[in-house]
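Reading through the structure tokens given below for one structure.
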Protein chains: 2
Amino acid sequence: MKRNLYLKTVPVEEALEKYIDVLESGGGLTAHTEEADAYECLGRVTAGPVFAKCCSPLFNAAAMDGIAVKSADTRGASESRPLTLTLGKDYRIIDTGDPVKSPFDAVIMAEDVIELDDETVMITESVPGWQHVRPVGEDIVAGEMIVPGHHTIRPVDIGVMLASGNIKVNVFTRPRVGIIPTGTEIISPGENPSEGDIIDSNSGMFAAMVSQHGGIAHRYDIVEDDYEKIKAQIISALEENDMLVINAGSSAGTEDYTVHVLREIGQVIVHGVAMKPGKPVILAMVKGKPVIGLPGYPVSAYLAFENFAAPVIARLAGSAYNHADGAETIEATISKRMVSSLKHREYVRVKVGKVGGRFVASPLARGAGAAMSMVRADGFCVIPQSSEGFEAGQTVEVQLYKDRKEIENTLVSIGSHDMLMDLINDMMAQKFPGMNLSSTHVGSMAGLMALQRGETVIAPTHLLDEETGEYNLAYIKKIFSGEKMSLIKGVDRIQGIMVKKGNPLGITGIEDLAGARYVNRQRGAGTRVLLDYKLKQAGISADRISGYDKEVATHMAVAACVASDEIDAGMGIRPAADAMGLDFVEVGVEEYDFAIHTADLELPRIQAFIEILRSPELHKKLEETGGYGWHQSGRIVNI
Amino acid sequence: MKRNLYLKTVPVEEALEKYIDVLESGGGLTAHTEEADAYECLGRVTAGPVFAKCCSPLFNAAAMDGIAVKSADTRGASESRPLTLTLGKDYRIIDTGDPVKSPFDAVIMAEDVIELDDETVMITESVPGWQHVRPVGEDIVAGEMIVPGHHTIRPVDIGVMLASGNIKVNVFTRPRVGIIPTGTEIISPGENPSEGDIIDSNSGMFAAMVSQHGGIAHRYDIVEDDYEKIKAQIISALEENDMLVINAGSSAGTEDYTVHVLREIGQVIVHGVAMKPGKPVILAMVKGKPVIGLPGYPVSAYLAFENFAAPVIARLAGSAYNHADGAETIEATISKRMVSSLKHREYVRVKVGKVGGRFVASPLARGAGAAMSMVRADGFCVIPQSSEGFEAGQTVEVQLYKDRKEIENTLVSIGSHDMLMDLINDMMAQKFPGMNLSSTHVGSMAGLMALQRGETVIAPTHLLDEETGEYNLAYIKKIFSGEKMSLIKGVDRIQGIMVKKGNPLGITGIEDLAGARYVNRQRGAGTRVLLDYKLKQAGISADRISGYDKEVATHMAVAACVASDEIDAGMGIRPAADAMGLDFVEVGVEEYDFAIHTADLELPRIQAFIEILRSPELHKKLEETGGYGWHQSGRIVNI
């Protein structure tokens, strides 16, 4: 096994500093400039200060609609001694913005003038010179600096540039960034995948990130894992770009050639950074230009790009301002323990919501391959290299991906998972602009615990009381005894056994599970409680179910297992089975509801949520999905 | 005088609500959709939820580099009873991302494997099934909703869309917004202005705002103030756009035709809104499309656009999220009294800085024509219609235009004005990315008062002690007696009398001012103190100077006055005279320095500031500007 070895991973800041130093002295950070049309320069970065070429206003101008007068003529005018003025001689009619010219030197507002006839007016007040006149240059004086250099141009900047005679503006040229995807197993999106193929989703993400940071992206064709081909592509792409990003092959696998190629044709400054995800980064310089090797896992790729490629692009783009620096930071209570190693700094994506006046952060899937964790994340927190992690309930700093206000308008839900939550999230964005739903899936019981700890506003739950056969009420009464609680009724949903297409084992119910390879849900999940109840009813002992101990966390995960070679059956809901093309054997109908503190029913976010639960639009969507009942949806049960 | 009359101005929210209601029922808010390439959809808004078309990973994949094994074969392996495995039969070499296929069902990391020879390895631990294997669909399950509708697409969204087989995505069509500038006195930027001409800087600002809010702008040629021409242009532009913005002619002047035209060809829902600046807004619907008349003053235009045009564009663009809603809000202490009327809601632009742990907001020029107040602003605060204003020292809510972090990296300066501050601001952005200087100009004495009240970190000052002839020290000692204060030396600068080109009155010094029409600086300004000192020395009484009571606030304002017909002379600095093409009669050299609490010298922002003051780069720029000395720049004097 021929493998690369990271000699020693470098801490994040040290790696970037070292890299920037080498690039700077090697000329790899030179920003170029060009002249841009002021109309087209939104978002561009000024290459130097912009000076006014003319004054604004260009002349002494009326600040009001009314009449222009000679202030000296108005002396002595009063209510008791009104003064009569004659058009042309003593005054002229003037609109806002009109020039005030000698002999006139002041303006009286139309409202303060008494019109006697078309050519005569009466005034009842004397006015000082320059009343209601904007003097030349009041806003902008010729020669004055109006916008500094290294400034990202906004609409108001365009306004003052045009007003001060700047129709062209000197800006930094957008750096061209080449993106080279590598890997024999990599295919382009849209191609038909064979077994073992991986879709190149990173190139598209990188291209968007390049443009977000002020560059122009050039995506190249996928290069297979071949030393010479990779080398040739890098050399030719360097001719056409100011910087390259190579993905992946930056790791220490048997076919990771990038680092060897870069060592041959240039200088590798850093290989391996003490961050997780994102360790396998290569920071290199070839022919005086930055070349960065990024890892293949999407989360690693994203974080490594943000930490290393983005600051380099920003420098090449002349931008004074690093976007990452500007991310808003809040203090939040974490809802779940996070353990990390002393070997690296770890970036954990979190969902954030406001619950009872404080921000609560719930960690999302931490794997480097969990691209959806980035889509779902509201922000991330950093576990420093010097820390072994955080305890639940601890206050941590969270860097937000969103505005704080957006977070404050988010309804937090922690508990059981159902596709219903996705549907509601989608409808909320549409019907209540600015509001949204943040749903974290930990199972029914853990959700109720989170509600008790004040980490969520609602807890979706479907827990069957084995004694009464009734859903949810008994559990809430027990856990929140003495507190004023309510239940927002959600949906009835059909639970069943997912089996392979065609049901090859002929499973017809719980009693047939003993002969199958089963996958279970985690302890505390409503689906597991239901299984246990049904097993008890059928008089089957749990240890007769092979795989009873194999636990996964969502309906979809069960479905994916059943679709694989290793598992025959698992319990869950119909839409999950449908999504994976599985057959479905009905076991029973359960009630999926939302536990909430009664006082919180008043919240606008909850009112919106209930309105959606009751809407025919949602019921129509549930009907299309199948497997649901909605006759109680949105009903409030006070417990 | 034929004038329009606002029947009654409408409060802001009421106006928008009324307008949206009418547009909605008239079909004026219909958003269209189209299919976009996933690679090209950054910043576009999803027209509906996006569902995964395939799983990610597509197959059970190795999560580590190492060997694939059959977990059952590894049972019993331990340090004391290592197990030997044979390539092909018992294991195969696997890289991260490779498929894990039957009969193999687990991965052992390369680090945990002892290589005996090329075909044999030893393991010392048994492994459970599916160790280090990412099951199919672990990240994304086919059929799952990955991105909701009405969502603005980010790079990570593009990543998961491509990974889940979505190479096309259904998005809202960008609405086309026509911009029609009107006015006989209006000229395009770059045209040579005649007297009374006004440069159309709003169209360019609007176009940039349209694109910021997700629309596509079409700028039309300027239409003169002619009822029929305006009407014809509106009707033809409506054919080509989803919405129109007309600027200006929305006011009540004699030549403001817009409202009449819109009444003839459509429906005017609101004319005149109770906001300042921005009152003369017209909200109309013509042929089922939104048409908005905006006022001509740039600040009015901007605020009216943000409050009325932006939400309509956002609706047409399908965006769930109103940018204005998302602006970050902070609590800040205001440094200056702000009085407002009960007739309207007023928007006041402010500079914001962090001083001693709290945010301080200083109001900028409040005029509707003060475009530079928008460029300089860090945010704005709203004086509600029900309020007569705020007192200095009161805590107010400020909506930020910038990130909070950017504000925190801003060095606040309140006091005397000099172009030096512009130069330093420009250099700071370049040399210390992320840092900047916020400079508010109130005169030397008012700056020292602000420093005393804790509203600024530094106070630029040039106050001459009439007794000692020494600059600054005496004043600081007196005002901050007992406190540890320092002075950062700034520049020597030449003060003088600005006179018209050619010096027609032959002014040679202070003693010649008695015969001239003078313009003075405000009380407490260093320049005024210098004048008083010089007058005293010359034995001239202030009441012999005609215009001694006429006060303006900056050197540039003095220069602009002297350039006008009404004023002959004023005191100030040479660059101001140069900028306005005036002659300059030297009066003396003064010291422009920065007062600071000694403890604050440690702040990184101050260290950066001092470094720039000492830099040869700055001195070169001062030399080019002329009128400065820098032999003490950046020296610290402890008082």
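Ordered as shown in the structure tokens, chains take letters A, B, and onward, while each chain numbers its residues from 1 and ligands are numbered from 1 in the order shown.
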
- Using only C-alpha atoms, which residues sit within 10 Å of B:Phe308 once same-chain residues fewer than 6 positions away are excluded, as a PyMOL selection string? chain B and resi 12-13+15-17+19-20+281-283+292+294

- Message: Need to verify the contact set: B:Gly526, 8 Å, only C-alpha atoms, exclusion of same-chain residues closer than 2 positions in sequence. Can you return it as a VMD selection string?
- Response: chain B and resid 416 443 to 445 461 to 464 524 528 to 530

- Task: Can you pull out every residue within 9 Å of A:Thr258, counting only C-alpha atoms, but drop anything in the same chain fewer than 5 positions away, and send it as a list of chain:residue names?
- Result: A:Thr182, A:Tyr227, A:Ile230, A:Lys231, A:Ile246, A:Asn247, A:Ala248, A:Gly249, A:Ser250, A:Ser251, A:Arg263, A:Ile282, A:Gly293

- Task: Excluding B:Val223 and any residue of its chain fewer than 6 positions from it, enumerate the residues within 8 Å of it, using only C-alpha atoms, and give them as a VMD selection string.
- Result: chain B and resid 180 to 184 229 to 230 233

- Would you return as an NGL selection string the members of stretch 411-533 of chain A that DSSP assigns to alpha helix (DSSP H) on this structure's backbone? :A and (419-431 or 444-452 or 473-479 or 526-533)

- Query: What are the DSSP strand (DSSP E or B) residues of stretch 113-293 of chain B, as a count of residues only?
  - Reply: 59
